[in-house]
Structure formats: structure tokens, C-alpha cells
Amino acid sequence: MKAKAIMYRSFFVNLVLIGVKLLSGFIFSSVALIADAVHSTSDLLTDVFVIFGVQHSLKPADDDHPFGHGKFEYVLSFIMGLFIISIAYNLAKFVISSFNEVSEIPNALSLIVVVFVVIVKTFLVRYMIKEGKNIQNDVVLASGKESMTDVLSSAVVFVGIASVLIGDYFELDFLKKGDKIASIFIALFIAKVGIEVLIDSIKSLQGKAVSKEISNRYLSIAEKITGVEKVDKLYMIHYGPYYQAAIDIRVDGNITVEEGHEIATRVSETLYQDEKICHVIVHVNPEVEDDERHAKKK
């Protein structure tokens, strides 16, 4: 499954970045970098959480879950939304409680490390969000958005280190507070991301429609099946990594019920050939039905 491969890549990148932050923090005497490394462990734990969650969502159907376990992704996204909000809360709480404390003066070389971390993490975030949209996976998308909080956290570290260095050089005490003021704004932005993830997960749990581009592709496939005169309606919703489809097809009204059933079976079997389809309902409408109704109106 591509979602699992994406999360494994994210896991290893986050593992390397945490090591870089910790090592640099101790070498350059930067408490901010060490704290940022601790904060980054949330991304690492999220990756582990998502990898196991994606694995669970791919479990086959059973007696208790006849359509499979796909919706577990949305539960996972909901939990991640709460987790992101908790990060914002704890960050704001820490900044406010330590606002009057004097910042330690770090080595200026630590700024280079922070820039490197921000660049690598930004590429990772863009990759995860892009791939999450491509494979229509809410959990990968939510994880990408959560990873953005780590980019913001590192950006705050950069501002904080630069502010402290400038303030120390020019003996301007107010600049030494710049990192903490910026951190409060970042905490608000992180909370916004968490709320968006929560809202998206709730919409998905309620049954979020598949995009028109995707549903039209399946509609075209159905209309090419022998015996199908026209597809009257096609409803498709997300079911975790899969799709559920309810389709109304129009057939020749003069054929037998058995022949109509065979056409419906062909439609169902054709759609089921796509591994993304987990459930199909086919309703048959006779072509003559509209003609007779039109004649009665006359």
C-alpha cells in the first residue's frame, strides 16, 4: 500500500532530523534546538501511529465489519487532530509560563542547522500532502499537516536564536523576548491546523463524496459495459482507502428480468476489478419506463 510506504519514508526522515537536532543542540549549547528535537518526537510517534493505523484500515472484511475497516482512518485522523491541538496548547502554556526567564546564549552556528532542518522538513511536508491528495488518503494528509507544525517550530527556533544573538550583541533586552512572542503566534497557527484536521475527519466519518473527476472515470467505465444504455446516477463516497459506489443504470425495457440481472452483475463485477472499490450497489431502470411516462403525459 502506497500510504504505508509514504509513512515509512516520513519516519526515517524524522528520525534523522531528531538526531541532527539533539547532537547540534548539545554541541552548540542550544537549549532551543534540544527542545525542538523533543518536540519532533511527536512527528515520529505520529508516523508509528499512522503506520499501524493504515495497516488496520486495510484488514479484510469480517462478520462485524462487512465493508472492511477503512473508516478507521477517519478515527485516526480525529485523534491526530486532538493531538495537534494538544501540541499547540502545551507550546503556548510553556511559552507563557517561561516568558520572563532569561534565554541562554547559543552558538551562532546553530542557525545553519535550523535552516537545514527547515528546508528538509518543508520538502517532506510538501511530499506528504501532495501524495496524500494523489491517493485520496486522509491520514497521510493529516500527518503532512501535523508535520507542518514541526517546520513552524523550527522556524520559531531560528527566530529565537537570531533574536537572542542580536539582543546580546546590541544589549537590547526586548529582542530576547522575540522568540517567545513568535512562539505564541505559532501555537495559534498549530491550533488552527488541528481544528482543520478534526473538521475533515468528521466530514469523512459522515460520508464524504469522491471528487467528480474520480467518479466520472468510473461512470465512463460503466457506460461502456454491454447492455448498459446509460448511467442515470452514480454516488461514490470515501471509505478509508477505498470507495463505496451506488449506481443506477438504464437498460432496454424489453429484456427479461434475468437479462437485466446479468447486466447489473457485469457492472458490479467490472467495478469490483478495481482494488479501490470495496462495495457496489447496482439499481436497474428499464429504458421503456421514461417513454411510457412521457406517453401518459400526452
# chains A, B, ... in the order shown; residues from 1 in each chain; ligands from 1
call {"tool": "residues_around", "arguments": {"residues": "His279 in chain A", "least_positions_apart": "5", "cutoff": "9 Å", "atoms": "only C-alpha atoms", "output": "PyMOL selection string"}}
result
chain A and resi 67+242-246+268+272
call {"tool": "select_by_dssp", "arguments": {"residues": "range 157-284 of chain A", "states": "strand (DSSP E or B)", "output": "list in words"}}
result
Ala209, Lys230, Val231, Asp232, Lys233, Leu234, Tyr235, Met236, Ile237, His238, Tyr239, Tyr242, Tyr243, Gln244, Ala245, Ala246, Ile247, Asp248, Ile249, Arg250, Val251, Ile277, Cys278, His279, Val280, Ile281, Val282, His283 and Val284 of chain A
call {"tool": "residues_around", "arguments": {"residues": "Val156 in chain A", "least_positions_apart": "6", "cutoff": "9 Å", "atoms": "only C-alpha atoms", "output": "PDB file with N, CA and C atoms, in the first residue's frame"}}
result
ATOM      1  N   ASP A 179      11.563  35.458  20.395  1.00  0.00           N
ATOM      2  CA  ASP A 179      11.246  34.056  20.118  1.00  0.00           C
ATOM      3  C   ASP A 179       9.987  33.618  20.835  1.00  0.00           C
ATOM      4  N   LYS A 180       9.781  34.148  22.035  1.00  0.00           N
ATOM      5  CA  LYS A 180       8.616  33.745  22.824  1.00  0.00           C
ATOM      6  C   LYS A 180       7.321  34.361  22.282  1.00  0.00           C
ATOM      7  N   ALA A 182       6.882  35.174  19.096  1.00  0.00           N
ATOM      8  CA  ALA A 182       6.614  34.436  17.855  1.00  0.00           C
ATOM      9  C   ALA A 182       6.028  33.061  18.154  1.00  0.00           C
ATOM     10  N   SER A 183       6.484  32.432  19.238  1.00  0.00           N
ATOM     11  CA  SER A 183       6.004  31.096  19.601  1.00  0.00           C
ATOM     12  C   SER A 183       4.509  31.096  19.908  1.00  0.00           C
ATOM     13  N   ILE A 186       2.714  31.092  16.636  1.00  0.00           N
ATOM     14  CA  ILE A 186       2.838  29.775  16.020  1.00  0.00           C
ATOM     15  C   ILE A 186       1.895  28.781  16.687  1.00  0.00           C
TER      16      ILE A 186
END
call {"tool": "select_by_dssp", "arguments": {"residues": "range 22-204 of chain A", "states": "alpha helix (DSSP H)", "output": "number ranges by chain"}}
result
A: 22-27, 31-57, 72-97, 110-134, 138-170, 178-204
call {"tool": "residues_around", "arguments": {"residues": "Lys276 in chain A", "least_positions_apart": "6", "cutoff": "12 Å", "atoms": "only C-alpha atoms", "output": "JSON, numbers by chain"}}
result
{"A": [1, 58, 70, 135, 136, 137, 210, 214, 215, 218, 236, 237, 238, 239, 240, 241, 242, 243, 244, 245]}
call {"tool": "residues_around", "arguments": {"residues": "range 251-267 of chain A", "least_positions_apart": "3", "cutoff": "10 Å", "atoms": "only C-alpha atoms", "output": "short mmCIF file (atom, residue, chain, number, x, y, z; two decimals) with N, CA and C atoms, in the first residue's frame"}}
result
data_model
loop_
_atom_site.label_atom_id
_atom_site.label_comp_id
_atom_site.auth_asym_id
_atom_site.auth_seq_id
_atom_site.Cartn_x
_atom_site.Cartn_y
_atom_site.Cartn_z
N ILE A 221 -16.57 4.00 -17.35
CA ILE A 221 -16.33 2.55 -17.41
C ILE A 221 -17.66 1.81 -17.45
N ALA A 222 -18.60 2.23 -16.60
CA ALA A 222 -19.89 1.56 -16.52
C ALA A 222 -20.70 1.72 -17.81
N GLU A 223 -20.63 2.88 -18.42
CA GLU A 223 -21.42 3.13 -19.64
C GLU A 223 -20.92 2.32 -20.83
N LYS A 224 -19.69 1.83 -20.78
CA LYS A 224 -19.13 1.04 -21.88
C LYS A 224 -19.46 -0.45 -21.77
N ILE A 225 -20.09 -0.83 -20.67
CA ILE A 225 -20.42 -2.25 -20.46
C ILE A 225 -21.60 -2.64 -21.33
N THR A 226 -21.49 -3.78 -21.96
CA THR A 226 -22.54 -4.27 -22.86
C THR A 226 -23.87 -4.38 -22.14
N GLY A 227 -24.91 -3.78 -22.72
CA GLY A 227 -26.25 -3.83 -22.14
C GLY A 227 -26.64 -2.57 -21.40
N VAL A 228 -25.67 -1.75 -21.03
CA VAL A 228 -25.96 -0.50 -20.32
C VAL A 228 -26.24 0.60 -21.34
N GLU A 229 -27.49 1.08 -21.33
CA GLU A 229 -27.87 2.15 -22.24
C GLU A 229 -27.32 3.50 -21.75
N LYS A 230 -27.38 3.68 -20.43
CA LYS A 230 -26.95 4.95 -19.85
C LYS A 230 -26.81 4.77 -18.34
N VAL A 231 -25.93 5.54 -17.74
CA VAL A 231 -25.84 5.59 -16.28
C VAL A 231 -26.65 6.79 -15.81
N ILE A 247 -24.94 2.81 -7.97
CA ILE A 247 -25.10 3.21 -9.36
C ILE A 247 -26.46 2.79 -9.91
N ASP A 248 -27.12 3.71 -10.60
CA ASP A 248 -28.38 3.44 -11.30
C ASP A 248 -28.09 3.35 -12.79
N THR A 270 -17.31 -5.63 -12.95
CA THR A 270 -16.33 -4.74 -13.60
C THR A 270 -15.78 -3.73 -12.62
N LEU A 271 -16.67 -3.12 -11.82
CA LEU A 271 -16.23 -2.13 -10.84
C LEU A 271 -15.39 -2.77 -9.74
N TYR A 272 -15.76 -3.98 -9.35
CA TYR A 272 -15.01 -4.67 -8.30
C TYR A 272 -13.60 -5.06 -8.74
N VAL A 280 -20.35 -2.22 -3.94
CA VAL A 280 -21.11 -1.70 -5.09
C VAL A 280 -22.58 -2.11 -4.96
N ILE A 281 -23.47 -1.16 -5.17
CA ILE A 281 -24.91 -1.42 -5.26
C ILE A 281 -25.36 -0.97 -6.64
N VAL A 282 -26.02 -1.87 -7.40
CA VAL A 282 -26.47 -1.54 -8.75
C VAL A 282 -28.00 -1.60 -8.79
N HIS A 283 -28.61 -0.52 -9.25
CA HIS A 283 -30.07 -0.48 -9.44
C HIS A 283 -30.35 -0.37 -10.93
N VAL A 284 -31.30 -1.18 -11.42
CA VAL A 284 -31.60 -1.23 -12.85
C VAL A 284 -32.89 -0.48 -13.16
N ASN A 285 -32.83 0.47 -14.10
CA ASN A 285 -34.00 1.19 -14.59
C ASN A 285 -34.28 0.79 -16.03
N PRO A 286 -35.51 0.36 -16.36
CA PRO A 286 -35.83 0.00 -17.75
C PRO A 286 -35.97 1.24 -18.62
N GLU A 287 -35.42 1.19 -19.82
CA GLU A 287 -35.45 2.31 -20.75
C GLU A 287 -36.87 2.71 -21.09
N VAL A 288 -37.78 1.74 -21.20
CA VAL A 288 -39.15 1.99 -21.62
C VAL A 288 -39.92 2.78 -20.58
N GLU A 289 -39.44 2.77 -19.34
CA GLU A 289 -40.14 3.42 -18.25
C GLU A 289 -40.37 4.90 -18.53
N ASP A 290 -39.33 5.60 -18.98
CA ASP A 290 -39.45 7.03 -19.27
C ASP A 290 -40.34 7.29 -20.48
N ASP A 291 -40.27 6.38 -21.50
CA ASP A 291 -41.07 6.55 -22.70
C ASP A 291 -42.56 6.44 -22.37
#
call {"tool": "residues_around", "arguments": {"residues": "Val151 in chain A", "least_positions_apart": "6", "cutoff": "10 Å", "atoms": "only C-alpha atoms", "output": "CSV table (one decimal) with C-alpha atoms, in the first residue's frame"}}
result
chain,number,residue,atom,x,y,z
A,40,SER,CA,9.9,16.5,16.9
A,114,VAL,CA,18.0,25.1,11.9
A,117,VAL,CA,16.2,21.2,9.2
A,118,VAL,CA,13.5,23.6,8.0
A,119,ILE,CA,14.5,23.0,4.3
A,120,VAL,CA,14.4,19.2,4.6
A,121,LYS,CA,11.2,19.2,6.7
A,122,THR,CA,9.5,21.5,4.2
A,124,LEU,CA,8.9,16.3,3.4
A,125,VAL,CA,5.7,18.1,4.2
A,157,VAL,CA,13.8,28.3,17.0
call {"tool": "atom_distance", "arguments": {"atom1": "CA of Ser154 in chain A", "atom2": "CA of Ile6 in chain A"}}
result
22.3 Å
call {"tool": "closest_residue", "arguments": {"among": "A:Ile51, A:Ile202, A:Cys278, A:Val193", "to": "Ser86 in chain A", "atoms": "only C-alpha atoms"}}
result
A:Val193
call {"tool": "residues_around", "arguments": {"residues": "Thr149 in chain A", "least_positions_apart": "6", "cutoff": "9 Å", "atoms": "only C-alpha atoms", "output": "number ranges by chain"}}
result
A: 84, 87-88, 186-187, 189-190, 193
call {"tool": "closest_residue", "arguments": {"among": "A:Leu23, A:Ala5, A:Leu172, A:Ile18", "to": "Ala37 in chain A", "atoms": "only C-alpha atoms"}}
result
A:Ile18
call {"tool": "atom_distance", "arguments": {"atom1": "CA of Leu109 in chain A", "atom2": "CA of Phe28 in chain A"}}
result
7.1 Å
call {"tool": "atom_distance", "arguments": {"atom1": "CA of Ile85 in chain A", "atom2": "CA of Gly194 in chain A"}}
result
5.1 Å
